[in-house]
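**Student:** Have a peek at protein-v8.tsv (TSV, N, CA and C atoms).
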```tsv
chain	number	residue	atom	x	y	z
A	1	MET	N	3.69	-13.28	1.30
A	1	MET	CA	2.85	-13.92	0.32
A	1	MET	C	2.36	-12.87	-0.67
A	2	LYS	N	2.68	-13.03	-1.91
A	2	LYS	CA	2.25	-12.10	-2.94
A	2	LYS	C	0.86	-12.50	-3.45
A	3	THR	N	0.06	-11.50	-3.73
A	3	THR	CA	-1.29	-11.72	-4.24
A	3	THR	C	-1.25	-11.67	-5.76
A	4	GLN	N	-1.90	-12.61	-6.41
A	4	GLN	CA	-1.95	-12.61	-7.87
A	4	GLN	C	-2.74	-11.39	-8.35
A	5	GLU	N	-2.26	-10.75	-9.41
A	5	GLU	CA	-2.91	-9.55	-9.93
A	5	GLU	C	-4.37	-9.81	-10.24
A	6	LYS	N	-4.68	-10.89	-10.92
A	6	LYS	CA	-6.07	-11.16	-11.31
A	6	LYS	C	-6.93	-11.52	-10.11
A	7	ASP	N	-6.31	-11.96	-9.00
A	7	ASP	CA	-7.05	-12.35	-7.82
A	7	ASP	C	-7.27	-11.20	-6.84
A	8	LEU	N	-6.66	-10.06	-7.06
A	8	LEU	CA	-6.78	-8.95	-6.13
A	8	LEU	C	-8.09	-8.22	-6.37
A	9	ASN	N	-9.02	-8.43	-5.45
A	9	ASN	CA	-10.32	-7.78	-5.51
A	9	ASN	C	-10.42	-6.88	-4.29
A	10	VAL	N	-10.03	-5.62	-4.44
A	10	VAL	CA	-9.97	-4.72	-3.30
A	10	VAL	C	-11.34	-4.50	-2.66
A	11	LYS	N	-12.39	-4.56	-3.43
A	11	LYS	CA	-13.74	-4.37	-2.88
A	11	LYS	C	-14.14	-5.55	-2.00
A	12	GLY	N	-13.56	-6.71	-2.24
A	12	GLY	CA	-13.92	-7.91	-1.48
A	12	GLY	C	-13.07	-8.11	-0.24
A	13	LEU	N	-12.09	-7.25	0.00
A	13	LEU	CA	-11.22	-7.39	1.16
A	13	LEU	C	-11.58	-6.36	2.22
A	14	CYS	N	-11.39	-6.75	3.48
A	14	CYS	CA	-11.66	-5.80	4.56
A	14	CYS	C	-10.55	-4.74	4.58
A	15	SER	N	-10.86	-3.62	5.20
A	15	SER	CA	-9.91	-2.51	5.25
A	15	SER	C	-8.62	-2.90	5.95
A	16	ARG	N	-8.71	-3.69	7.00
A	16	ARG	CA	-7.52	-4.11	7.74
A	16	ARG	C	-6.58	-4.92	6.85
A	17	LYS	N	-7.14	-5.82	6.04
A	17	LYS	CA	-6.34	-6.62	5.12
A	17	LYS	C	-5.68	-5.72	4.07
A	18	LEU	N	-6.42	-4.75	3.57
A	18	LEU	CA	-5.86	-3.83	2.58
A	18	LEU	C	-4.69	-3.05	3.16
A	19	LEU	N	-4.84	-2.58	4.40
A	19	LEU	CA	-3.75	-1.87	5.05
A	19	LEU	C	-2.54	-2.79	5.24
A	20	ASP	N	-2.79	-4.03	5.63
A	20	ASP	CA	-1.69	-5.00	5.78
A	20	ASP	C	-0.96	-5.22	4.46
A	21	LEU	N	-1.69	-5.29	3.37
A	21	LEU	CA	-1.07	-5.45	2.05
A	21	LEU	C	-0.15	-4.27	1.75
A	22	LEU	N	-0.60	-3.06	2.08
A	22	LEU	CA	0.23	-1.88	1.86
A	22	LEU	C	1.47	-1.90	2.74
A	23	LYS	N	1.27	-2.15	4.03
A	23	LYS	CA	2.37	-2.12	4.98
A	23	LYS	C	3.44	-3.16	4.66
A	24	ASN	N	3.02	-4.32	4.19
A	24	ASN	CA	3.95	-5.41	3.91
A	24	ASN	C	4.40	-5.46	2.45
A	25	SER	N	4.03	-4.45	1.69
A	25	SER	CA	4.38	-4.38	0.25
A	25	SER	C	3.98	-5.66	-0.48
A	26	GLU	N	2.78	-6.15	-0.21
A	26	GLU	CA	2.29	-7.38	-0.84
A	26	GLU	C	1.42	-7.06	-2.05
A	27	TRP	N	1.91	-6.21	-2.90
A	27	TRP	CA	1.26	-5.89	-4.16
A	27	TRP	C	2.31	-6.07	-5.24
A	28	GLN	N	1.87	-6.45	-6.44
A	28	GLN	CA	2.82	-6.81	-7.49
A	28	GLN	C	3.21	-5.65	-8.39
A	29	ASN	N	2.39	-4.64	-8.47
A	29	ASN	CA	2.72	-3.52	-9.35
A	29	ASN	C	2.07	-2.24	-8.82
A	30	GLN	N	2.42	-1.14	-9.42
A	30	GLN	CA	1.91	0.15	-8.98
A	30	GLN	C	0.40	0.25	-9.12
A	31	LEU	N	-0.16	-0.42	-10.11
A	31	LEU	CA	-1.60	-0.40	-10.32
A	31	LEU	C	-2.33	-1.03	-9.13
A	32	GLN	N	-1.82	-2.15	-8.63
A	32	GLN	CA	-2.41	-2.78	-7.46
A	32	GLN	C	-2.30	-1.87	-6.24
A	33	ARG	N	-1.13	-1.28	-6.05
A	33	ARG	CA	-0.93	-0.40	-4.91
A	33	ARG	C	-1.91	0.77	-4.96
A	34	SER	N	-2.05	1.36	-6.13
A	34	SER	CA	-2.98	2.48	-6.29
A	34	SER	C	-4.42	2.06	-6.01
A	35	ALA	N	-4.79	0.87	-6.47
A	35	ALA	CA	-6.15	0.38	-6.24
A	35	ALA	C	-6.42	0.20	-4.74
A	36	ILE	N	-5.43	-0.31	-4.01
A	36	ILE	CA	-5.57	-0.49	-2.56
A	36	ILE	C	-5.71	0.87	-1.89
A	37	GLU	N	-4.84	1.80	-2.25
A	37	GLU	CA	-4.88	3.14	-1.64
A	37	GLU	C	-6.21	3.84	-1.94
A	38	MET	N	-6.67	3.76	-3.17
A	38	MET	CA	-7.93	4.41	-3.55
A	38	MET	C	-9.11	3.81	-2.78
A	39	GLU	N	-9.12	2.50	-2.64
A	39	GLU	CA	-10.22	1.85	-1.92
A	39	GLU	C	-10.25	2.30	-0.46
A	40	LEU	N	-9.08	2.33	0.18
A	40	LEU	CA	-9.03	2.78	1.57
A	40	LEU	C	-9.44	4.25	1.70
A	41	LYS	N	-9.03	5.06	0.75
A	41	LYS	CA	-9.41	6.48	0.78
A	41	LYS	C	-10.91	6.64	0.59
A	42	GLN	N	-11.49	5.87	-0.31
A	42	GLN	CA	-12.92	5.94	-0.55
A	42	GLN	C	-13.70	5.50	0.68
A	43	ARG	N	-13.20	4.48	1.36
A	43	ARG	CA	-13.85	4.01	2.59
A	43	ARG	C	-13.58	4.95	3.76
A	44	ARG	N	-12.57	5.80	3.61
A	44	ARG	CA	-12.12	6.71	4.65
A	44	ARG	C	-11.66	5.96	5.90
A	45	HIS	N	-10.98	4.83	5.65
A	45	HIS	CA	-10.43	4.01	6.72
A	45	HIS	C	-8.91	4.10	6.70
A	46	TYR	N	-8.32	4.12	7.88
A	46	TYR	CA	-6.86	4.07	8.05
A	46	TYR	C	-6.14	5.20	7.33
A	47	LEU	N	-6.74	6.37	7.25
A	47	LEU	CA	-6.12	7.49	6.55
A	47	LEU	C	-4.84	7.94	7.25
A	48	GLU	N	-4.86	7.98	8.57
A	48	GLU	CA	-3.66	8.39	9.31
A	48	GLU	C	-2.51	7.40	9.12
A	49	GLN	N	-2.82	6.11	9.16
A	49	GLN	CA	-1.78	5.10	8.97
A	49	GLN	C	-1.20	5.16	7.56
A	50	MET	N	-2.05	5.42	6.58
A	50	MET	CA	-1.56	5.53	5.21
A	50	MET	C	-0.64	6.74	5.07
A	51	ALA	N	-0.98	7.85	5.72
A	51	ALA	CA	-0.14	9.04	5.68
A	51	ALA	C	1.21	8.75	6.33
A	52	GLU	N	1.20	8.01	7.43
A	52	GLU	CA	2.46	7.65	8.09
A	52	GLU	C	3.32	6.78	7.19
A	53	LEU	N	2.71	5.82	6.51
A	53	LEU	CA	3.45	4.96	5.58
A	53	LEU	C	4.07	5.80	4.46
A	54	SER	N	3.30	6.72	3.94
A	54	SER	CA	3.77	7.58	2.86
A	54	SER	C	4.93	8.44	3.34
A	55	ASP	N	4.82	9.02	4.53
A	55	ASP	CA	5.89	9.85	5.09
A	55	ASP	C	7.15	9.03	5.31
A	56	ARG	N	6.99	7.84	5.83
A	56	ARG	CA	8.14	6.97	6.09
A	56	ARG	C	8.87	6.62	4.80
A	57	LYS	N	8.14	6.33	3.74
A	57	LYS	CA	8.75	5.96	2.47
A	57	LYS	C	9.49	7.15	1.87
A	58	ARG	N	8.95	8.35	2.01
A	58	ARG	CA	9.63	9.54	1.51
A	58	ARG	C	10.91	9.79	2.28
A	59	PHE	N	10.89	9.52	3.57
A	59	PHE	CA	12.05	9.75	4.42
A	59	PHE	C	13.15	8.72	4.13
A	60	VAL	N	12.78	7.48	3.90
A	60	VAL	CA	13.74	6.41	3.69
A	60	VAL	C	14.32	6.42	2.28
A	61	ALA	N	13.54	6.80	1.30
A	61	ALA	CA	13.95	6.69	-0.10
A	61	ALA	C	15.28	7.36	-0.42
A	62	PRO	N	15.57	8.59	0.01
A	62	PRO	CA	16.84	9.20	-0.36
A	62	PRO	C	18.07	8.42	0.13
A	63	SER	N	18.01	7.82	1.29
A	63	SER	CA	19.16	7.09	1.82
A	63	SER	C	19.45	5.83	1.00
A	64	THR	N	18.44	5.26	0.35
A	64	THR	CA	18.66	4.06	-0.45
A	64	THR	C	19.35	4.40	-1.77
A	65	ALA	N	19.33	5.67	-2.16
A	65	ALA	CA	19.95	6.09	-3.43
A	65	ALA	C	21.42	6.47	-3.25
A	66	THR	N	21.96	6.31	-2.05
A	66	THR	CA	23.34	6.69	-1.79
A	66	THR	C	24.28	5.77	-2.56
A	67	ARG	N	25.23	6.39	-3.21
A	67	ARG	CA	26.24	5.61	-3.97
A	67	ARG	C	27.54	5.64	-3.21
A	68	HIS	N	28.25	4.53	-3.29
A	68	HIS	CA	29.55	4.42	-2.60
A	68	HIS	C	30.67	4.54	-3.58
```
Show me this structure written as structure tokens.
**Tutor:**
Amino acid sequence: MKTQEKDLNVKGLCSRKLLDLLKNSEWQNQLQRSAIEMELKQRRHYLEQMAELSDRKRFVAPSTATRH
């Protein structure tokens, strides 16, 4: 389920929901993703899980660029 850009109020969502949005890529653009990450960082919640997500994406990204 994608969240509408105008309806995304990161301050009004619990930290668990914000982390779920990140994990499930339920954001519509980079601005929304950044807002979610910044809010979690400011709250200092789920920092380890966010780092794991970031590491996983860096690890996976090169393999998706493989050309046949």
**Student:** How would you write as a VMD selection string the residues that get within 12 Å of (-16.5, -2.5, -9.6) in the file's frame, counting only C-alpha atoms?
**Tutor:** chain A and resid 9 to 12 35 39
**Student:** Atom N of A:Glu26 to atom CA of A:Arg44: how many Å, to one decimal?
**Tutor:**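 For atom N of A:Glu26 relative to atom CA of A:Arg44, the distance reads 20.3 Å.
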**Student:** With distances taken over only C-alpha atoms, which residue among A:Leu47, A:Leu40, A:Leu8, A:Leu13 lies nearest A:Gln28?
**Tutor:**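 Selected residue with least distance to A:Gln28: A:Leu8.
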**Student:** Please compute the atom CA of A:Tyr46-atom N of A:Arg33 distance, one decimal, in Å.
**Tutor:** 16.1 Å
**Student:** Calculate how many Å separate atom CA of A:Ser54 from atom CA of A:Asp20, rounding to one decimal.
**Tutor:**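 For atom CA of A:Ser54 relative to atom CA of A:Asp20, the distance reads 14.0 Å.
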**Student:** Compile the contact shell of A:Lys23 as a PyMOL selection string: residues with an atom at most 12 Å away, counting only C-alpha atoms, same-chain residues fewer than 5 positions apart removed.
**Tutor:** chain A and resi 16-18+33+36-37+46+49-54+56-57
